[in-house]
file structure.pdb (PDB, C-alpha atoms)
ATOM      1  CA  MET A   4      35.020-273.454 -10.689  1.00  0.00           C
ATOM      2  CA  PRO A   5      35.262-270.329  -8.492  1.00  0.00           C
ATOM      3  CA  ALA A   6      34.904-270.708  -4.732  1.00  0.00           C
ATOM      4  CA  GLN A   7      31.439-270.001  -3.323  1.00  0.00           C
ATOM      5  CA  PRO A   8      31.946-268.742   0.250  1.00  0.00           C
ATOM      6  CA  LYS A   9      28.249-268.575   1.212  1.00  0.00           C
ATOM      7  CA  GLU A  10      27.628-272.112  -0.038  1.00  0.00           C
ATOM      8  CA  VAL A  11      30.693-273.432   1.822  1.00  0.00           C
ATOM      9  CA  VAL A  12      29.434-272.072   5.169  1.00  0.00           C
ATOM     10  CA  GLU A  13      25.892-273.325   4.478  1.00  0.00           C
ATOM     11  CA  LYS A  14      27.279-276.789   3.701  1.00  0.00           C
ATOM     12  CA  ILE A  15      29.410-276.892   6.894  1.00  0.00           C
ATOM     13  CA  LEU A  16      26.407-275.853   9.001  1.00  0.00           C
ATOM     14  CA  ALA A  17      24.163-278.414   7.262  1.00  0.00           C
ATOM     15  CA  LEU A  18      26.723-281.186   7.895  1.00  0.00           C
ATOM     16  CA  LEU A  19      26.751-280.156  11.561  1.00  0.00           C
ATOM     17  CA  ASP A  20      22.928-280.298  11.501  1.00  0.00           C
ATOM     18  CA  PHE A  21      22.838-276.644  12.520  1.00  0.00           C
ATOM     19  CA  PRO A  22      19.759-274.790  11.187  1.00  0.00           C
ATOM     20  CA  ALA A  23      20.863-271.330  10.026  1.00  0.00           C
ATOM     21  CA  THR A  24      20.571-268.738   7.280  1.00  0.00           C
ATOM     22  CA  VAL A  25      23.693-267.123   5.805  1.00  0.00           C
ATOM     23  CA  VAL A  26      23.566-263.543   4.518  1.00  0.00           C
ATOM     24  CA  GLU A  27      26.419-262.270   2.339  1.00  0.00           C
ATOM     25  CA  HIS A  28      27.775-258.692   2.611  1.00  0.00           C
ATOM     26  CA  LYS A  29      30.558-257.268   0.427  1.00  0.00           C
ATOM     27  CA  LEU A  30      33.401-255.562   2.302  1.00  0.00           C
ATOM     28  CA  ASP A  31      36.228-253.389   0.927  1.00  0.00           C
ATOM     29  CA  ASP A  32      38.764-256.149   1.548  1.00  0.00           C
ATOM     30  CA  GLY A  33      36.654-259.288   1.232  1.00  0.00           C
ATOM     31  CA  LEU A  34      33.349-260.721   2.276  1.00  0.00           C
ATOM     32  CA  LEU A  35      31.291-260.878   5.473  1.00  0.00           C
ATOM     33  CA  LEU A  36      29.051-263.885   5.948  1.00  0.00           C
ATOM     34  CA  ASP A  37      26.554-263.199   8.734  1.00  0.00           C
ATOM     35  CA  VAL A  38      24.961-266.357  10.100  1.00  0.00           C
ATOM     36  CA  LYS A  39      21.433-266.012  11.478  1.00  0.00           C
ATOM     37  CA  THR A  40      20.381-268.776  13.869  1.00  0.00           C
ATOM     38  CA  ASP A  41      18.204-269.314  16.944  1.00  0.00           C
ATOM     39  CA  ASP A  42      21.142-270.976  18.721  1.00  0.00           C
ATOM     40  CA  SER A  43      23.786-268.287  18.216  1.00  0.00           C
ATOM     41  CA  GLY A  44      25.482-268.910  21.590  1.00  0.00           C
ATOM     42  CA  ARG A  45      26.452-272.453  20.624  1.00  0.00           C
ATOM     43  CA  LEU A  46      27.818-271.314  17.267  1.00  0.00           C
ATOM     44  CA  ILE A  47      29.778-268.409  18.784  1.00  0.00           C
ATOM     45  CA  GLY A  48      31.241-270.569  21.551  1.00  0.00           C
ATOM     46  CA  ARG A  49      33.209-269.522  24.597  1.00  0.00           C
ATOM     47  CA  GLN A  50      34.862-266.138  23.889  1.00  0.00           C
ATOM     48  CA  GLY A  51      34.021-266.587  20.201  1.00  0.00           C
ATOM     49  CA  GLN A  52      36.262-269.652  19.814  1.00  0.00           C
ATOM     50  CA  THR A  53      33.751-271.779  17.856  1.00  0.00           C
ATOM     51  CA  LEU A  54      33.058-268.841  15.542  1.00  0.00           C
ATOM     52  CA  SER A  55      36.806-268.332  15.010  1.00  0.00           C
ATOM     53  CA  ASP A  56      37.192-272.035  14.195  1.00  0.00           C
ATOM     54  CA  LEU A  57      34.305-271.892  11.691  1.00  0.00           C
ATOM     55  CA  GLN A  58      35.905-268.858  10.025  1.00  0.00           C
ATOM     56  CA  TYR A  59      39.304-270.595   9.890  1.00  0.00           C
ATOM     57  CA  ILE A  60      37.890-273.790   8.360  1.00  0.00           C
ATOM     58  CA  THR A  61      35.838-271.775   5.859  1.00  0.00           C
ATOM     59  CA  ASN A  62      38.881-269.792   4.702  1.00  0.00           C
ATOM     60  CA  ARG A  63      41.040-272.949   4.461  1.00  0.00           C
ATOM     61  CA  LEU A  64      38.434-274.710   2.320  1.00  0.00           C
ATOM     62  CA  LEU A  65      37.978-271.676   0.071  1.00  0.00           C
ATOM     63  CA  PHE A  66      41.750-271.214  -0.328  1.00  0.00           C
ATOM     64  CA  GLN A  67      42.088-274.898  -1.331  1.00  0.00           C
ATOM     65  CA  GLN A  68      39.505-274.340  -4.074  1.00  0.00           C
ATOM     66  CA  ASP A  69      40.886-270.992  -5.235  1.00  0.00           C
ATOM     67  CA  PRO A  70      44.076-269.423  -3.775  1.00  0.00           C
ATOM     68  CA  SER A  71      43.048-265.972  -5.076  1.00  0.00           C
ATOM     69  CA  VAL A  72      39.747-265.898  -3.154  1.00  0.00           C
ATOM     70  CA  PRO A  73      39.469-262.889  -0.783  1.00  0.00           C
ATOM     71  CA  LYS A  74      39.433-263.550   2.962  1.00  0.00           C
ATOM     72  CA  VAL A  75      36.009-264.230   4.440  1.00  0.00           C
ATOM     73  CA  LEU A  76      34.863-262.872   7.791  1.00  0.00           C
ATOM     74  CA  VAL A  77      32.211-265.055   9.439  1.00  0.00           C
ATOM     75  CA  ASP A  78      29.918-263.473  12.032  1.00  0.00           C
ATOM     76  CA  VAL A  79      26.911-264.694  14.004  1.00  0.00           C
ATOM     77  CA  SER A  80      24.111-262.213  14.707  1.00  0.00           C
ATOM     78  CA  GLY A  81      26.508-259.240  14.816  1.00  0.00           C
ATOM     79  CA  TYR A  82      28.707-260.777  17.560  1.00  0.00           C
ATOM     80  CA  ARG A  83      31.998-259.699  15.945  1.00  0.00           C
ATOM     81  CA  ALA A  84      30.820-256.105  15.465  1.00  0.00           C
ATOM     82  CA  GLN A  85      29.947-255.837  19.183  1.00  0.00           C
ATOM     83  CA  ALA A  86      33.195-257.546  20.207  1.00  0.00           C
ATOM     84  CA  ARG A  87      35.168-255.181  17.932  1.00  0.00           C
ATOM     85  CA  GLU A  88      33.548-252.115  19.533  1.00  0.00           C
ATOM     86  CA  ALA A  89      34.412-253.451  23.001  1.00  0.00           C
ATOM     87  CA  LEU A  90      38.060-254.042  21.962  1.00  0.00           C
ATOM     88  CA  VAL A  91      38.386-250.559  20.443  1.00  0.00           C
ATOM     89  CA  LYS A  92      36.996-249.058  23.674  1.00  0.00           C
ATOM     90  CA  LYS A  93      39.441-251.140  25.735  1.00  0.00           C
ATOM     91  CA  ALA A  94      42.343-249.941  23.527  1.00  0.00           C
ATOM     92  CA  LYS A  95      41.324-246.285  23.874  1.00  0.00           C
ATOM     93  CA  ASP A  96      40.870-246.599  27.657  1.00  0.00           C
ATOM     94  CA  ALA A  97      44.325-248.201  27.981  1.00  0.00           C
ATOM     95  CA  ALA A  98      45.862-245.476  25.767  1.00  0.00           C
ATOM     96  CA  GLU A  99      44.293-242.835  28.020  1.00  0.00           C
ATOM     97  CA  LYS A 100      45.946-244.463  31.078  1.00  0.00           C
ATOM     98  CA  VAL A 101      49.318-244.436  29.292  1.00  0.00           C
ATOM     99  CA  ARG A 102      48.885-240.736  28.450  1.00  0.00           C
ATOM    100  CA  ARG A 103      47.747-239.850  31.980  1.00  0.00           C
ATOM    101  CA  TRP A 104      50.332-241.800  33.992  1.00  0.00           C
ATOM    102  CA  GLY A 105      53.159-242.357  31.494  1.00  0.00           C
ATOM    103  CA  ASP A 106      53.312-246.033  32.449  1.00  0.00           C
ATOM    104  CA  VAL A 107      53.302-249.129  30.254  1.00  0.00           C
ATOM    105  CA  VAL A 108      49.884-250.840  30.147  1.00  0.00           C
ATOM    106  CA  GLU A 109      49.631-254.546  29.349  1.00  0.00           C
ATOM    107  CA  LEU A 110      46.403-255.984  27.963  1.00  0.00           C
ATOM    108  CA  GLU A 111      45.472-259.629  28.553  1.00  0.00           C
ATOM    109  CA  PRO A 112      46.570-262.289  26.034  1.00  0.00           C
ATOM    110  CA  LEU A 113      44.533-261.985  22.825  1.00  0.00           C
ATOM    111  CA  SER A 114      44.140-263.884  19.573  1.00  0.00           C
ATOM    112  CA  ALA A 115      45.878-262.549  16.450  1.00  0.00           C
ATOM    113  CA  PHE A 116      42.483-261.370  15.138  1.00  0.00           C
ATOM    114  CA  ASP A 117      41.791-259.344  18.301  1.00  0.00           C
ATOM    115  CA  ARG A 118      45.350-257.967  18.519  1.00  0.00           C
ATOM    116  CA  ARG A 119      45.025-256.667  14.974  1.00  0.00           C
ATOM    117  CA  ILE A 120      41.880-254.722  15.965  1.00  0.00           C
ATOM    118  CA  ILE A 121      43.759-253.089  18.878  1.00  0.00           C
ATOM    119  CA  HIS A 122      46.834-252.233  16.776  1.00  0.00           C
ATOM    120  CA  GLN A 123      44.560-250.751  14.064  1.00  0.00           C
ATOM    121  CA  ALA A 124      42.575-248.728  16.621  1.00  0.00           C
ATOM    122  CA  LEU A 125      45.759-247.050  17.922  1.00  0.00           C
ATOM    123  CA  LYS A 126      47.969-246.918  14.821  1.00  0.00           C
ATOM    124  CA  ASP A 127      47.279-243.204  14.201  1.00  0.00           C
ATOM    125  CA  ASP A 128      47.683-242.147  17.846  1.00  0.00           C
ATOM    126  CA  PRO A 129      50.819-239.942  17.894  1.00  0.00           C
ATOM    127  CA  SER A 130      51.533-240.492  21.596  1.00  0.00           C
ATOM    128  CA  ILE A 131      51.121-244.289  21.900  1.00  0.00           C
ATOM    129  CA  GLU A 132      52.997-247.264  20.493  1.00  0.00           C
ATOM    130  CA  THR A 133      51.755-250.844  20.652  1.00  0.00           C
ATOM    131  CA  HIS A 134      53.746-254.085  20.678  1.00  0.00           C
ATOM    132  CA  SER A 135      52.646-257.719  20.791  1.00  0.00           C
ATOM    133  CA  VAL A 136      54.679-259.801  23.248  1.00  0.00           C
ATOM    134  CA  GLU A 137      54.859-263.546  23.907  1.00  0.00           C
ATOM    135  CA  VAL A 138      53.028-264.830  26.960  1.00  0.00           C
ATOM    136  CA  GLU A 139      54.593-267.878  28.575  1.00  0.00           C
ATOM    137  CA  GLY A 140      52.392-270.973  28.611  1.00  0.00           C
ATOM    138  CA  THR A 141      50.019-269.823  25.864  1.00  0.00           C
ATOM    139  CA  GLU A 142      50.054-269.420  22.095  1.00  0.00           C
ATOM    140  CA  LYS A 143      48.352-266.032  22.466  1.00  0.00           C
ATOM    141  CA  LYS A 144      50.251-262.778  22.792  1.00  0.00           C
ATOM    142  CA  ALA A 145      49.575-259.737  24.969  1.00  0.00           C
ATOM    143  CA  ILE A 146      49.761-256.140  23.780  1.00  0.00           C
ATOM    144  CA  LEU A 147      51.934-253.589  25.533  1.00  0.00           C
ATOM    145  CA  LEU A 148      50.990-249.926  25.161  1.00  0.00           C
ATOM    146  CA  ARG A 149      53.694-247.397  25.973  1.00  0.00           C
ATOM    147  CA  PRO A 150      54.325-243.713  25.413  1.00  0.00           C
ATOM    148  CA  LYS A 151      56.049-242.812  22.137  1.00  0.00           C
ATOM    149  CA  HIS A 152      59.309-240.998  22.696  1.00  0.00           C
TER
END

call {"tool": "encode", "arguments": {"input": "structure.pdb", "output": "structure tokens"}}
result
Amino acid sequence: MPAQPKEVVEKILALLDFPATVVEHKLDDGLLLDVKTDDSGRLIGRQGQTLSDLQYITNRLLFQQDPSVPKVLVDVSGYRAQAREALVKKAKDAAEKVRRWGDVVELEPLSAFDRRIIHQALKDDPSIETHSVEVEGTEKKAILLRPKH
């Protein structure tokens, strides 16, 4: 039986006794499940951590059912879209500082998901290179932006 991403998220939320509606959107590289709820703050969690955990669990369950299932992005009331825009702006602002001053700029430690957004936002910039670097005492990594030579 093929994996049913929308049903998996609905089931998790029902088991957590969390009233919500899940709307499915097709993406080029997978599926977006947007959760509509009156209590979005609790489901998003601090800095999106609860939302990230829900997405991780959803993808693990789906992969167990069907290893060929495309990756699922879980969002709550457009939170990820707003967060993505803020990260892209932060990346472009940091790149502008690198161009202006020629110095290395270090962004705060970020999750792999967020680092990927920053790397993608700057990958076509001919004057900037980005590198993820370990941060002591955390499993997150920071991104260094530096001028391309």

call {"tool": "resolve_selection", "arguments": {"input": "structure.pdb", "expression": "the PyMOL selection byres ((chain A and resi 109) around 10)", "output": "mmCIF file with C-alpha atoms, in the frame of the given file"}}
result
data_model
loop_
_atom_site.group_PDB
_atom_site.id
_atom_site.type_symbol
_atom_site.label_atom_id
_atom_site.label_comp_id
_atom_site.auth_asym_id
_atom_site.auth_seq_id
_atom_site.Cartn_x
_atom_site.Cartn_y
_atom_site.Cartn_z
ATOM 1 C CA ALA A 97 44.325 -248.201 27.981
ATOM 2 C CA ASP A 106 53.312 -246.033 32.449
ATOM 3 C CA VAL A 107 53.302 -249.129 30.254
ATOM 4 C CA VAL A 108 49.884 -250.840 30.147
ATOM 5 C CA LEU A 110 46.403 -255.984 27.963
ATOM 6 C CA GLU A 111 45.472 -259.629 28.553
ATOM 7 C CA PRO A 112 46.570 -262.289 26.034
ATOM 8 C CA THR A 133 51.755 -250.844 20.652
ATOM 9 C CA HIS A 134 53.746 -254.085 20.678
ATOM 10 C CA SER A 135 52.646 -257.719 20.791
ATOM 11 C CA VAL A 136 54.679 -259.801 23.248
ATOM 12 C CA ALA A 145 49.575 -259.737 24.969
ATOM 13 C CA ILE A 146 49.761 -256.140 23.780
ATOM 14 C CA LEU A 147 51.934 -253.589 25.533
ATOM 15 C CA LEU A 148 50.990 -249.926 25.161
ATOM 16 C CA ARG A 149 53.694 -247.397 25.973
#

call {"tool": "residues_around", "arguments": {"input": "structure.pdb", "residues": "Val12 of chain A", "least_positions_apart": "5", "cutoff": "9 Å", "atoms": "all atoms listed in the file", "output": "VMD selection string"}}
result
chain A and resid 7 17 25 36 38 57 to 58 61 77

call {"tool": "residues_around", "arguments": {"input": "structure.pdb", "residues": "Gln50 of chain A", "least_positions_apart": "3", "cutoff": "12 Å", "atoms": "all atoms listed in the file", "output": "PyMOL selection string"}}
result
chain A and resi 44-47+53-56+82-83+86+113-114+117

call {"tool": "atom_distance", "arguments": {"input": "structure.pdb", "atom1": "atom CA of Val11 of chain A", "atom2": "atom CA of Ser43 of chain A"}}
result
18.5 Å

call {"tool": "residues_around", "arguments": {"input": "structure.pdb", "residues": "Glu88 of chain A", "least_positions_apart": "5", "cutoff": "12 Å", "atoms": "only C-alpha atoms", "output": "JSON, numbers by chain"}}
result
{"A": [81, 82, 83, 93, 94, 95, 117, 120, 121, 124]}

call {"tool": "atom_distance", "arguments": {"input": "structure.pdb", "atom1": "atom CA of Lys151 of chain A", "atom2": "atom CA of Glu132 of chain A"}}
result
5.6 Å

call {"tool": "closest_residue", "arguments": {"input": "structure.pdb", "among": "A:Arg102, A:Pro150, A:His28, A:Arg119", "to": "Leu76 of chain A", "atoms": "all atoms listed in the file"}}
result
A:His28

call {"tool": "resolve_selection", "arguments": {"input": "structure.pdb", "expression": "the PyMOL selection byres ((chain A and resi 64-71) around 9)", "output": "ChimeraX atom specification"}}
result
/A:4-8,11,59-63,72-75

call {"tool": "closest_residue", "arguments": {"input": "structure.pdb", "among": "A:Ile131, A:Arg87, A:Gly51, A:Lys144", "to": "Lys100 of chain A", "atoms": "all atoms listed in the file"}}
result
A:Ile131

call {"tool": "residues_around", "arguments": {"input": "structure.pdb", "residues": "Asp42 of chain A", "least_positions_apart": "6", "cutoff": "9 Å", "atoms": "all atoms listed in the file", "output": "PyMOL selection string"}}
result
chain A and resi 21-23

call {"tool": "closest_residue", "arguments": {"input": "structure.pdb", "among": "A:Thr40, A:Ser130, A:Thr24, A:Gln52", "to": "Phe116 of chain A", "atoms": "only C-alpha atoms"}}
result
A:Gln52

call {"tool": "atom_distance", "arguments": {"input": "structure.pdb", "atom1": "atom CA of Glu137 of chain A", "atom2": "atom CA of Trp104 of chain A"}}
result
24.4 Å

call {"tool": "axis_aligned_box", "arguments": {"input": "structure.pdb", "around": "segment 26-44 of chain A", "padding_each_side": "5 Å", "output": "AutoDock Vina command-line options"}}
result
--center_x 28.5 --center_y -262.2 --center_z 11.0 --size_x 30.6 --size_y 27.6 --size_z 31.2

call {"tool": "closest_residue", "arguments": {"input": "structure.pdb", "among": "A:Lys126, A:Val26, A:Arg49, A:Asp32", "to": "Ser80 of chain A", "atoms": "only C-alpha atoms"}}
result
A:Val26

call {"tool": "decode", "arguments": {"input": "structure.pdb", "residues": "segment 68-88 of chain A", "atoms": "N, CA, C and O atoms", "output": "PDB file, in the first residue's frame"}}
result
ATOM      1  N   GLN A  68       7.166   3.072   5.427  1.00  0.00           N
ATOM      2  CA  GLN A  68       6.102   2.461   4.623  1.00  0.00           C
ATOM      3  C   GLN A  68       6.527   2.281   3.166  1.00  0.00           C
ATOM      4  O   GLN A  68       6.158   1.304   2.530  1.00  0.00           O
ATOM      5  N   ASP A  69       7.267   3.268   2.646  1.00  0.00           N
ATOM      6  CA  ASP A  69       7.623   3.256   1.229  1.00  0.00           C
ATOM      7  C   ASP A  69       8.903   4.075   1.024  1.00  0.00           C
ATOM      8  O   ASP A  69       8.846   5.302   0.977  1.00  0.00           O
ATOM      9  N   PRO A  70      10.063   3.404   0.886  1.00  0.00           N
ATOM     10  CA  PRO A  70      11.336   4.123   0.748  1.00  0.00           C
ATOM     11  C   PRO A  70      11.414   5.049  -0.472  1.00  0.00           C
ATOM     12  O   PRO A  70      12.262   5.925  -0.520  1.00  0.00           O
ATOM     13  N   SER A  71      10.526   4.890  -1.440  1.00  0.00           N
ATOM     14  CA  SER A  71      10.584   5.739  -2.641  1.00  0.00           C
ATOM     15  C   SER A  71       9.708   6.986  -2.518  1.00  0.00           C
ATOM     16  O   SER A  71       9.643   7.788  -3.447  1.00  0.00           O
ATOM     17  N   VAL A  72       9.027   7.151  -1.383  1.00  0.00           N
ATOM     18  CA  VAL A  72       8.123   8.291  -1.217  1.00  0.00           C
ATOM     19  C   VAL A  72       8.928   9.596  -1.234  1.00  0.00           C
ATOM     20  O   VAL A  72      10.021   9.670  -0.680  1.00  0.00           O
ATOM     21  N   PRO A  73       8.416  10.641  -1.940  1.00  0.00           N
ATOM     22  CA  PRO A  73       9.145  11.920  -1.953  1.00  0.00           C
ATOM     23  C   PRO A  73       9.105  12.581  -0.574  1.00  0.00           C
ATOM     24  O   PRO A  73       8.208  12.327   0.218  1.00  0.00           O
ATOM     25  N   LYS A  74      10.090  13.432  -0.318  1.00  0.00           N
ATOM     26  CA  LYS A  74      10.171  14.125   0.971  1.00  0.00           C
ATOM     27  C   LYS A  74       8.965  15.051   1.142  1.00  0.00           C
ATOM     28  O   LYS A  74       8.505  15.670   0.195  1.00  0.00           O
ATOM     29  N   VAL A  75       8.487  15.117   2.378  1.00  0.00           N
ATOM     30  CA  VAL A  75       7.322  15.941   2.690  1.00  0.00           C
ATOM     31  C   VAL A  75       7.761  17.131   3.534  1.00  0.00           C
ATOM     32  O   VAL A  75       8.517  16.983   4.499  1.00  0.00           O
ATOM     33  N   LEU A  76       7.314  18.312   3.138  1.00  0.00           N
ATOM     34  CA  LEU A  76       7.548  19.526   3.905  1.00  0.00           C
ATOM     35  C   LEU A  76       6.264  19.807   4.681  1.00  0.00           C
ATOM     36  O   LEU A  76       5.182  19.835   4.093  1.00  0.00           O
ATOM     37  N   VAL A  77       6.378  19.959   5.998  1.00  0.00           N
ATOM     38  CA  VAL A  77       5.203  20.247   6.820  1.00  0.00           C
ATOM     39  C   VAL A  77       5.294  21.706   7.258  1.00  0.00           C
ATOM     40  O   VAL A  77       6.341  22.157   7.721  1.00  0.00           O
ATOM     41  N   ASP A  78       4.211  22.452   7.065  1.00  0.00           N
ATOM     42  CA  ASP A  78       4.163  23.853   7.458  1.00  0.00           C
ATOM     43  C   ASP A  78       2.912  24.089   8.292  1.00  0.00           C
ATOM     44  O   ASP A  78       1.958  23.325   8.210  1.00  0.00           O
ATOM     45  N   VAL A  79       2.929  25.140   9.090  1.00  0.00           N
ATOM     46  CA  VAL A  79       1.760  25.526   9.877  1.00  0.00           C
ATOM     47  C   VAL A  79       1.450  26.979   9.557  1.00  0.00           C
ATOM     48  O   VAL A  79       2.276  27.859   9.816  1.00  0.00           O
ATOM     49  N   SER A  80       0.294  27.198   8.947  1.00  0.00           N
ATOM     50  CA  SER A  80      -0.188  28.557   8.648  1.00  0.00           C
ATOM     51  C   SER A  80       0.873  29.437   7.970  1.00  0.00           C
ATOM     52  O   SER A  80       1.019  30.609   8.304  1.00  0.00           O
ATOM     53  N   GLY A  81       1.632  28.864   7.043  1.00  0.00           N
ATOM     54  CA  GLY A  81       2.612  29.642   6.286  1.00  0.00           C
ATOM     55  C   GLY A  81       3.861  30.047   7.055  1.00  0.00           C
ATOM     56  O   GLY A  81       4.645  30.873   6.589  1.00  0.00           O
ATOM     57  N   TYR A  82       4.091  29.449   8.231  1.00  0.00           N
ATOM     58  CA  TYR A  82       5.251  29.812   9.067  1.00  0.00           C
ATOM     59  C   TYR A  82       6.565  29.626   8.313  1.00  0.00           C
ATOM     60  O   TYR A  82       7.434  30.493   8.325  1.00  0.00           O
ATOM     61  N   ARG A  83       6.728  28.480   7.650  1.00  0.00           N
ATOM     62  CA  ARG A  83       8.004  28.197   6.967  1.00  0.00           C
ATOM     63  C   ARG A  83       8.274  29.184   5.831  1.00  0.00           C
ATOM     64  O   ARG A  83       9.407  29.573   5.600  1.00  0.00           O
ATOM     65  N   ALA A  84       7.218  29.575   5.116  1.00  0.00           N
ATOM     66  CA  ALA A  84       7.397  30.527   4.011  1.00  0.00           C
ATOM     67  C   ALA A  84       7.911  31.862   4.551  1.00  0.00           C
ATOM     68  O   ALA A  84       8.843  32.452   3.995  1.00  0.00           O
ATOM     69  N   GLN A  85       7.350  32.334   5.663  1.00  0.00           N
ATOM     70  CA  GLN A  85       7.799  33.590   6.272  1.00  0.00           C
ATOM     71  C   GLN A  85       9.222  33.447   6.801  1.00  0.00           C
ATOM     72  O   GLN A  85      10.045  34.350   6.631  1.00  0.00           O
ATOM     73  N   ALA A  86       9.506  32.320   7.452  1.00  0.00           N
ATOM     74  CA  ALA A  86      10.844  32.085   7.997  1.00  0.00           C
ATOM     75  C   ALA A  86      11.871  32.018   6.868  1.00  0.00           C
ATOM     76  O   ALA A  86      12.992  32.529   6.993  1.00  0.00           O
ATOM     77  N   ARG A  87      11.496  31.393   5.742  1.00  0.00           N
ATOM     78  CA  ARG A  87      12.391  31.281   4.588  1.00  0.00           C
ATOM     79  C   ARG A  87      12.720  32.675   4.041  1.00  0.00           C
ATOM     80  O   ARG A  87      13.879  32.977   3.758  1.00  0.00           O
ATOM     81  N   GLU A  88      11.697  33.522   3.900  1.00  0.00           N
ATOM     82  CA  GLU A  88      11.930  34.884   3.409  1.00  0.00           C
ATOM     83  C   GLU A  88      12.889  35.635   4.319  1.00  0.00           C
ATOM     84  O   GLU A  88      13.778  36.344   3.854  1.00  0.00           O
TER      85      GLU A  88
END
